[in-house]
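Enquirer: One file: model27.pdb (PDB, C-alpha atoms).
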ATOM      1  CA  ALA C 318      72.190 116.049 121.989
ATOM      2  CA  GLN C 319      74.568 115.318 119.164
ATOM      3  CA  LYS C 320      73.125 114.333 115.834
ATOM      4  CA  VAL C 321      74.363 113.983 112.276
ATOM      5  CA  THR C 322      71.889 113.893 109.402
ATOM      6  CA  GLN C 323      72.439 112.934 105.791
ATOM      7  CA  THR C 324      69.178 113.331 103.914
ATOM      8  CA  GLN C 325      70.342 112.101 100.496
ATOM      9  CA  THR C 326      70.161 108.329 100.418
ATOM     10  CA  SER C 327      71.609 107.918  96.932
ATOM     11  CA  ILE C 328      73.122 109.975  94.115
ATOM     12  CA  SER C 329      73.977 108.894  90.582
ATOM     13  CA  VAL C 330      76.485 110.804  88.462
ATOM     14  CA  MET C 331      78.448 110.382  85.256
ATOM     15  CA  GLU C 332      82.174 109.824  85.382
ATOM     16  CA  LYS C 333      84.371 112.950  85.370
ATOM     17  CA  THR C 334      81.602 115.161  86.741
ATOM     18  CA  THR C 335      81.269 116.721  90.198
ATOM     19  CA  VAL C 336      79.118 115.295  92.959
ATOM     20  CA  THR C 337      78.030 117.147  96.079
ATOM     21  CA  MET C 338      76.495 115.540  99.127
ATOM     22  CA  ASP C 339      74.988 117.178 102.183
ATOM     23  CA  CYS C 340      75.365 116.731 105.907
ATOM     24  CA  VAL C 341      73.946 118.746 108.787
ATOM     25  CA  TYR C 342      74.873 118.321 112.403
ATOM     26  CA  GLU C 343      73.686 119.319 115.863
ATOM     27  CA  THR C 344      75.968 120.009 118.789
ATOM     28  CA  GLN C 345      76.140 122.157 121.900
ATOM     29  CA  ASP C 346      79.934 122.238 121.918
ATOM     30  CA  SER C 347      81.816 125.273 120.654
ATOM     31  CA  SER C 348      84.659 123.041 119.505
ATOM     32  CA  TYR C 349      84.087 120.008 117.327
ATOM     33  CA  PHE C 350      85.502 118.068 114.418
ATOM     34  CA  LEU C 351      83.747 116.898 111.275
ATOM     35  CA  PHE C 352      84.824 113.976 109.137
ATOM     36  CA  TRP C 353      83.893 112.235 105.931
ATOM     37  CA  TYR C 354      84.481 108.540 105.427
ATOM     38  CA  LYS C 355      84.034 106.278 102.425
ATOM     39  CA  GLN C 356      82.838 102.690 102.679
ATOM     40  CA  THR C 357      83.629 100.597  99.633
ATOM     41  CA  ALA C 358      81.674  97.621  98.357
ATOM     42  CA  SER C 359      84.066  95.327 100.217
ATOM     43  CA  GLY C 360      83.082  97.010 103.485
ATOM     44  CA  GLU C 361      86.362  98.814 104.010
ATOM     45  CA  ILE C 362      85.954 102.200 105.715
ATOM     46  CA  VAL C 363      88.460 104.837 104.685
ATOM     47  CA  PHE C 364      88.989 108.272 106.233
ATOM     48  CA  LEU C 365      88.802 110.974 103.565
ATOM     49  CA  ILE C 366      88.893 114.478 105.024
ATOM     50  CA  ARG C 367      88.443 116.483 108.216
ATOM     51  CA  GLN C 368      87.186 119.961 109.092
ATOM     52  CA  ASP C 369      87.995 121.527 112.461
ATOM     53  CA  SER C 370      85.213 123.816 113.680
ATOM     54  CA  TYR C 371      87.581 126.673 114.511
ATOM     55  CA  LYS C 372      88.983 126.822 110.987
ATOM     56  CA  LYS C 373      87.259 129.102 108.497
ATOM     57  CA  GLU C 374      88.970 127.671 105.430
ATOM     58  CA  ASN C 375      87.335 124.727 103.729
ATOM     59  CA  ALA C 376      89.494 121.611 103.872
ATOM     60  CA  THR C 377      90.720 120.075 100.622
ATOM     61  CA  VAL C 378      92.478 116.751 100.043
ATOM     62  CA  GLY C 379      93.085 115.610  96.490
ATOM     63  CA  HIS C 380      89.779 115.674  94.633
ATOM     64  CA  TYR C 381      87.780 115.912  97.867
ATOM     65  CA  SER C 382      86.793 119.272  99.298
ATOM     66  CA  LEU C 383      84.386 120.479 101.942
ATOM     67  CA  ASN C 384      81.780 123.209 102.009
ATOM     68  CA  PHE C 385      81.705 124.212 105.676
ATOM     69  CA  GLN C 386      78.840 126.545 106.553
ATOM     70  CA  LYS C 387      79.081 126.928 110.301
ATOM     71  CA  PRO C 388      76.007 129.171 110.795
ATOM     72  CA  LYS C 389      73.923 126.496 109.075
ATOM     73  CA  SER C 390      75.653 123.598 110.890
ATOM     74  CA  SER C 391      76.380 122.145 107.491
ATOM     75  CA  ILE C 392      79.376 120.279 106.099
ATOM     76  CA  GLY C 393      79.008 119.212 102.491
ATOM     77  CA  LEU C 394      81.430 116.937 100.640
ATOM     78  CA  ILE C 395      82.371 117.755  97.061
ATOM     79  CA  ILE C 396      84.080 115.233  94.813
ATOM     80  CA  THR C 397      85.409 116.650  91.560
ATOM     81  CA  ALA C 398      86.376 114.714  88.443
ATOM     82  CA  THR C 399      84.658 111.600  89.719
ATOM     83  CA  GLN C 400      85.943 108.150  88.803
ATOM     84  CA  ILE C 401      84.213 104.795  88.753
ATOM     85  CA  GLU C 402      86.064 103.837  91.929
ATOM     86  CA  ASP C 403      84.407 106.728  93.759
ATOM     87  CA  SER C 404      81.255 104.605  93.808
ATOM     88  CA  ALA C 405      80.727 103.920  97.503
ATOM     89  CA  VAL C 406      78.758 104.887 100.580
ATOM     90  CA  TYR C 407      79.891 108.161 102.107
ATOM     91  CA  PHE C 408      79.426 108.811 105.805
ATOM     92  CA  CYS C 409      79.579 112.123 107.563
ATOM     93  CA  ALA C 410      80.676 112.031 111.224
ATOM     94  CA  MET C 411      81.199 114.421 114.107
ATOM     95  CA  ARG C 412      83.326 114.381 117.210
ATOM     96  CA  GLU C 413      82.804 116.849 120.026
ATOM     97  CA  GLY C 414      85.484 118.532 122.090
ATOM     98  CA  GLN C 415      88.666 117.068 123.438
ATOM     99  CA  GLY C 416      89.645 113.672 124.727
ATOM    100  CA  GLY C 417      88.918 110.203 123.480
ATOM    101  CA  ARG C 418      85.321 110.581 122.493
ATOM    102  CA  ALA C 419      83.737 108.567 119.745
ATOM    103  CA  LEU C 420      82.242 109.648 116.451
ATOM    104  CA  ILE C 421      78.565 110.177 115.756
ATOM    105  CA  PHE C 422      77.806 108.971 112.235
ATOM    106  CA  GLY C 423      75.168 109.894 109.712
ATOM    107  CA  THR C 424      73.287 107.181 107.867
ATOM    108  CA  GLY C 425      75.309 107.523 104.682
ATOM    109  CA  THR C 426      74.828 108.529 101.062
ATOM    110  CA  THR C 427      75.349 105.972  98.308
ATOM    111  CA  VAL C 428      77.133 107.400  95.273
ATOM    112  CA  SER C 429      77.064 105.564  91.968
ATOM    113  CA  VAL C 430      79.418 106.742  89.226
ATOM    114  CA  SER C 431      78.620 105.583  85.704
ATOM    115  CA  PRO C 432      80.950 105.570  82.677
TER
ATOM    116  CA  GLY I1109     101.043 104.421 108.783
ATOM    117  CA  GLY I1110      99.572 101.462 110.526
ATOM    118  CA  ILE I1111      97.009  98.736 110.314
ATOM    119  CA  ILE I1112      94.100  97.382 112.299
ATOM    120  CA  THR I1113      93.406  93.667 112.219
ATOM    121  CA  GLN I1114      90.222  92.017 113.381
ATOM    122  CA  THR I1115      89.699  88.343 114.089
ATOM    123  CA  PRO I1116      87.817  86.405 113.077
ATOM    124  CA  LYS I1117      86.623  87.836 109.772
ATOM    125  CA  PHE I1118      83.447  85.747 109.950
ATOM    126  CA  LEU I1119      81.888  84.483 113.160
ATOM    127  CA  ILE I1120      78.984  82.074 113.268
ATOM    128  CA  GLY I1121      77.378  81.358 116.588
ATOM    129  CA  GLN I1122      74.331  79.839 118.161
ATOM    130  CA  GLU I1123      71.640  81.863 119.839
ATOM    131  CA  GLY I1124      72.557  82.284 123.518
ATOM    132  CA  GLN I1125      76.245  81.639 122.935
ATOM    133  CA  LYS I1126      79.023  83.841 124.297
ATOM    134  CA  LEU I1127      81.218  85.095 121.464
ATOM    135  CA  THR I1128      84.449  87.099 121.469
ATOM    136  CA  LEU I1129      85.794  89.393 118.771
ATOM    137  CA  LYS I1130      89.381  90.650 118.807
ATOM    138  CA  CYS I1131      91.088  93.744 117.471
ATOM    139  CA  GLN I1132      94.750  94.711 117.226
ATOM    140  CA  GLN I1133      96.282  98.006 116.058
ATOM    141  CA  ASN I1134      99.859  99.085 115.442
ATOM    142  CA  PHE I1135      99.234 102.824 115.071
ATOM    143  CA  ASN I1136     100.280 103.236 118.726
ATOM    144  CA  HIS I1137      96.934 104.974 119.250
ATOM    145  CA  ASP I1138      95.631 105.505 122.757
ATOM    146  CA  THR I1139      91.939 105.221 121.984
ATOM    147  CA  MET I1140      90.120 102.248 120.522
ATOM    148  CA  TYR I1141      86.472 101.758 119.617
ATOM    149  CA  TRP I1142      83.934  99.099 118.782
ATOM    150  CA  TYR I1143      81.054  99.948 116.459
ATOM    151  CA  ARG I1144      78.221  97.877 115.113
ATOM    152  CA  GLN I1145      76.879  98.317 111.600
ATOM    153  CA  ASP I1146      73.562  96.759 110.645
ATOM    154  CA  SER I1147      72.857  96.105 106.988
ATOM    155  CA  GLY I1148      72.458  99.345 105.063
ATOM    156  CA  LYS I1149      72.806 101.457 108.173
ATOM    157  CA  GLY I1150      75.306 103.759 109.811
ATOM    158  CA  LEU I1151      77.714 102.916 112.615
ATOM    159  CA  ARG I1152      76.681 102.821 116.258
ATOM    160  CA  LEU I1153      79.081 102.882 119.175
ATOM    161  CA  ILE I1154      79.194  99.917 121.520
ATOM    162  CA  TYR I1155      82.273 100.584 123.682
ATOM    163  CA  TYR I1156      85.399 102.653 123.583
ATOM    164  CA  SER I1157      88.600 102.796 125.606
ATOM    165  CA  ILE I1158      90.692 105.927 126.062
ATOM    166  CA  THR I1159      93.695 104.045 127.374
ATOM    167  CA  GLU I1160      94.718 100.632 128.655
ATOM    168  CA  ASN I1161      92.320  99.335 131.337
ATOM    169  CA  ASP I1162      89.798 102.087 130.594
ATOM    170  CA  LEU I1163      86.301 101.252 129.322
ATOM    171  CA  GLN I1164      83.507 103.632 128.325
ATOM    172  CA  LYS I1165      80.019 102.526 127.325
ATOM    173  CA  GLY I1166      78.457 103.665 124.105
ATOM    174  CA  ASP I1167      74.764 103.853 123.240
ATOM    175  CA  LEU I1168      74.639 100.165 122.319
ATOM    176  CA  SER I1169      76.581  98.584 125.197
ATOM    177  CA  GLU I1170      73.796  96.422 126.630
ATOM    178  CA  GLY I1171      74.482  92.785 125.822
ATOM    179  CA  TYR I1172      78.192  93.355 125.317
ATOM    180  CA  ASP I1173      81.359  93.376 127.420
ATOM    181  CA  ALA I1174      84.714  94.785 126.407
ATOM    182  CA  SER I1175      88.286  94.377 127.530
ATOM    183  CA  ARG I1176      91.362  96.516 126.806
ATOM    184  CA  GLU I1177      94.120  94.092 127.633
ATOM    185  CA  LYS I1178      96.932  96.312 126.436
ATOM    186  CA  LYS I1179      97.379  99.453 124.399
ATOM    187  CA  SER I1180      97.362  97.625 121.091
ATOM    188  CA  SER I1181      94.401  95.314 121.649
ATOM    189  CA  PHE I1182      90.707  95.645 122.372
ATOM    190  CA  SER I1183      88.255  92.756 122.634
ATOM    191  CA  LEU I1184      84.484  92.689 122.462
ATOM    192  CA  THR I1185      82.314  89.921 123.878
ATOM    193  CA  VAL I1186      78.726  89.282 122.911
ATOM    194  CA  THR I1187      77.451  87.937 126.210
ATOM    195  CA  SER I1188      74.453  86.035 124.799
ATOM    196  CA  ALA I1189      74.065  86.080 121.030
ATOM    197  CA  GLN I1190      70.606  86.931 119.719
ATOM    198  CA  LYS I1191      69.254  86.502 116.210
ATOM    199  CA  ASN I1192      68.774  90.264 115.764
ATOM    200  CA  GLU I1193      72.513  90.769 116.320
ATOM    201  CA  MET I1194      73.501  89.715 112.835
ATOM    202  CA  ALA I1195      75.715  92.628 111.877
ATOM    203  CA  VAL I1196      79.233  93.739 111.089
ATOM    204  CA  PHE I1197      81.365  94.762 114.053
ATOM    205  CA  LEU I1198      84.016  97.346 113.315
ATOM    206  CA  CYS I1199      87.027  98.207 115.428
ATOM    207  CA  ALA I1200      88.702 101.602 115.133
ATOM    208  CA  SER I1201      91.487 103.556 116.770
ATOM    209  CA  SER I1202      92.554 107.183 117.022
ATOM    210  CA  SER I1203      95.038 109.420 118.718
ATOM    211  CA  ARG I1204      93.890 110.771 122.056
ATOM    212  CA  THR I1205      95.608 114.119 121.547
ATOM    213  CA  GLY I1206      94.818 114.719 117.886
ATOM    214  CA  PRO I1207      94.338 114.603 115.024
ATOM    215  CA  TYR I1208      91.172 112.804 115.878
ATOM    216  CA  GLU I1209      90.265 110.902 112.760
ATOM    217  CA  GLN I1210      89.615 107.246 113.391
ATOM    218  CA  TYR I1211      91.057 104.397 111.377
ATOM    219  CA  PHE I1212      88.991 101.288 110.924
ATOM    220  CA  GLY I1213      89.634  97.592 110.713
ATOM    221  CA  PRO I1214      88.055  95.375 108.056
ATOM    222  CA  GLY I1215      85.258  94.186 110.339
ATOM    223  CA  THR I1216      83.905  90.931 111.741
ATOM    224  CA  ARG I1217      80.650  89.697 110.259
ATOM    225  CA  LEU I1218      78.531  87.969 112.867
ATOM    226  CA  THR I1219      75.815  85.468 111.972
ATOM    227  CA  VAL I1220      73.666  83.939 114.677
ATOM    228  CA  LEU I1221      71.876  80.684 113.829
TER
END
Here is the file; what I need is its structure written in the form of structure tokens.
Expert:
Amino acid sequence: AQKVTQTQTSISVMEKTTVTMDCVYETQDSSYFLFWYKQTASGEIVFLIRQDSYKKENATVGHYSLNFQKPKSSIGLIITATQIEDSAVYFCAMREGQGGRALIFGTGTTVSVSP
Amino acid sequence: GGIITQTPKFLIGQEGQKLTLKCQQNFNHDTMYWYRQDSGKGLRLIYYSITENDLQKGDLSEGYDASREKKSSFSLTVTSAQKNEMAVFLCASSSRTGPYEQYFGPGTRLTVL
């Protein structure tokens, strides 16, 4: 069965530092896609970054990057040079295979960035 | 780019009432989704639709009906509102052929009195 687990419920960091958050997943599929989303205080959910399982290189978009460790079924999100507006809840999600299948979400990690 | 709109933004109903939530997208995406988010929790899938007139049940489909009237719109009906259904309902869409990231609407917050 598919499962996505985020064990860190909350993280507090100082502005301009780096924050890392963890996510592990379970799947039987050989092909899958991993995503990170950000939910702001207003409730808006924004797509941040994607990792395709067949790609060995870690994805990077702006100041977001991923630490993909396939043998450990792990996909960590790294935010460098954090800003106050990075304070949000971050969700890890997985999608198996092809077709129009839905995402399985983790329970989220709340990040608080202080000045 | 595109946008997903959800109506209404806030929905207040009575216990036992039938309530309908609507979603429109202009991404030209094939696949649309309805998720429910309870306070402080993750998202759980209620229904999704791969294409017009297609409906697929998610883990949380009991107590809900869905309708994909056309490619751009997807409706969700709460068949009999219950007090424990106070939550935010989120609509999303994605390409069927990839890339597969989903884009979300702003949500409908349901309160049952």
Enquirer: What lies within 8 Å of stretch 1128-1139 of chain I using only C-alpha atoms, ignoring chain neighbours under 2 positions off, as a PyMOL selection string?
Expert: (chain C and resi 417) or (chain I and resi 1109-1116+1126+1141+1156-1160+1179-1186+1199+1201-1204+1213+1216)
Enquirer: Can you spell out as a ChimeraX atom specification the set of residues that the PyMOL selection byres ((chain I) within 7 of (chain C)) selects in the structure I just provided?
Expert: /I:1139,1149-1151,1158,1204-1205,1211-1212,1214
Enquirer: Could you spell out the hits of the PyMOL selection byres ((chain C and resi 391) around 12) on the shown file, as a ChimeraX atom specification?
Expert: /C:320-324,338-344,351-352,368,370,375,383-390,392-394,409-411
Enquirer: Just to confirm, what's the straight-line distance from atom CA of C:Ala405 to atom CA of C:Val430 in Å (one decimal)?
Expert: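 These two atoms are separated by 8.8 Å.
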Enquirer: Box along x, y and z, 3 Å on every side, all listed atoms of stretch 401-408 of chain C inside: centre and edge lengths in Å to one decimal, as lines of an AutoDock Vina configuration file.
Expert:
center_x = 82.4
center_y = 106.3
center_z = 97.3
size_x = 13.3
size_y = 11.0
size_z = 23.1
Enquirer: Please measure the separation of atom CA of C:Glu374 and atom CA of C:Gln356, giving the value in Å to one decimal.
Expert: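 Those two atoms sit 25.9 Å apart.
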Enquirer: Report, in Å to a single decimal, how far apart atom CA of I:Asp1162 and atom CA of I:Arg1217 are.
Expert: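 These atoms are spaced 25.5 Å apart.
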Enquirer: List the residues sitting within 9 Å of (79.3, 101.2, 118.5) in the file's frame, using only C-alpha atoms, as a PyMOL selection string.
Expert: (chain C and resi 419) or (chain I and resi 1141-1145+1151-1156+1165-1169+1197-1199)
Enquirer: Next, dump the selected residues to file, keeping only C-alpha atoms, as a short mmCIF file (atom, residue, chain, number, x, y, z; two decimals), keeping the file's coordinate frame.
Expert:
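Wrote it out as out.cif, contents follow:
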data_model
loop_
_atom_site.label_atom_id
_atom_site.label_comp_id
_atom_site.auth_asym_id
_atom_site.auth_seq_id
_atom_site.Cartn_x
_atom_site.Cartn_y
_atom_site.Cartn_z
CA ALA C 419 83.74 108.57 119.74
CA TYR I 1141 86.47 101.76 119.62
CA TRP I 1142 83.93 99.10 118.78
CA TYR I 1143 81.05 99.95 116.46
CA ARG I 1144 78.22 97.88 115.11
CA GLN I 1145 76.88 98.32 111.60
CA LEU I 1151 77.71 102.92 112.62
CA ARG I 1152 76.68 102.82 116.26
CA LEU I 1153 79.08 102.88 119.18
CA ILE I 1154 79.19 99.92 121.52
CA TYR I 1155 82.27 100.58 123.68
CA TYR I 1156 85.40 102.65 123.58
CA LYS I 1165 80.02 102.53 127.32
CA GLY I 1166 78.46 103.66 124.10
CA ASP I 1167 74.76 103.85 123.24
CA LEU I 1168 74.64 100.16 122.32
CA SER I 1169 76.58 98.58 125.20
CA PHE I 1197 81.36 94.76 114.05
CA LEU I 1198 84.02 97.35 113.32
CA CYS I 1199 87.03 98.21 115.43
#
Enquirer: Counting all atoms listed in the file, which residue out of I:Lys1117, I:Asp1146, I:Gly1171, I:Tyr1208 sits closest to I:Ala1189?
Expert: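 Closest to I:Ala1189 of all the choices is I:Gly1171.
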Enquirer: Expand the PyMOL selection byres ((chain C and resi 348) around 6) into the explicit residue set it covers here, and present it as a list in words.
Expert: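 When the PyMOL selection byres ((chain C and resi 348) around 6) is applied, the selected residues are Asp346, Ser347, Tyr349, Ser370 and Gly414 of chain C.
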Enquirer: Considering only C-alpha atoms, return as a PyMOL selection string whatever protein or nucleic-acid residues lie within 12 Å of I:Gln1125, sequence-local ones (same chain, fewer than 5 positions apart) excluded.
Expert: chain I and resi 1119-1120+1171+1185-1191+1193+1219-1221
Enquirer: Would you put the residues from that selection into a file with C-alpha atoms, as a PDB file, in the frame of the given file?
Expert:
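Full text of selection21.pdb as output:
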ATOM      1  CA  LEU I1119      81.888  84.483 113.160  1.00  0.00           C
ATOM      2  CA  ILE I1120      78.984  82.074 113.268  1.00  0.00           C
ATOM      3  CA  GLY I1171      74.482  92.785 125.822  1.00  0.00           C
ATOM      4  CA  THR I1185      82.314  89.921 123.878  1.00  0.00           C
ATOM      5  CA  VAL I1186      78.726  89.282 122.911  1.00  0.00           C
ATOM      6  CA  THR I1187      77.451  87.937 126.210  1.00  0.00           C
ATOM      7  CA  SER I1188      74.453  86.035 124.799  1.00  0.00           C
ATOM      8  CA  ALA I1189      74.065  86.080 121.030  1.00  0.00           C
ATOM      9  CA  GLN I1190      70.606  86.931 119.719  1.00  0.00           C
ATOM     10  CA  LYS I1191      69.254  86.502 116.210  1.00  0.00           C
ATOM     11  CA  GLU I1193      72.513  90.769 116.320  1.00  0.00           C
ATOM     12  CA  THR I1219      75.815  85.468 111.972  1.00  0.00           C
ATOM     13  CA  VAL I1220      73.666  83.939 114.677  1.00  0.00           C
ATOM     14  CA  LEU I1221      71.876  80.684 113.829  1.00  0.00           C
TER      15      LEU I1221
END
Enquirer: Neighbours of C:His380 within 10 Å (all atoms listed in the file; same-chain residues fewer than 5 positions away dropped), as a ChimeraX atom specification?
Expert: /C:335,395-399
Enquirer: Might you pull out every residue within 9 Å of C:Met331, with only C-alpha atoms counted and same-chain residues fewer than 6 positions away left off, and present them as a PyMOL selection string?
Expert: chain C and resi 399-401+429-432
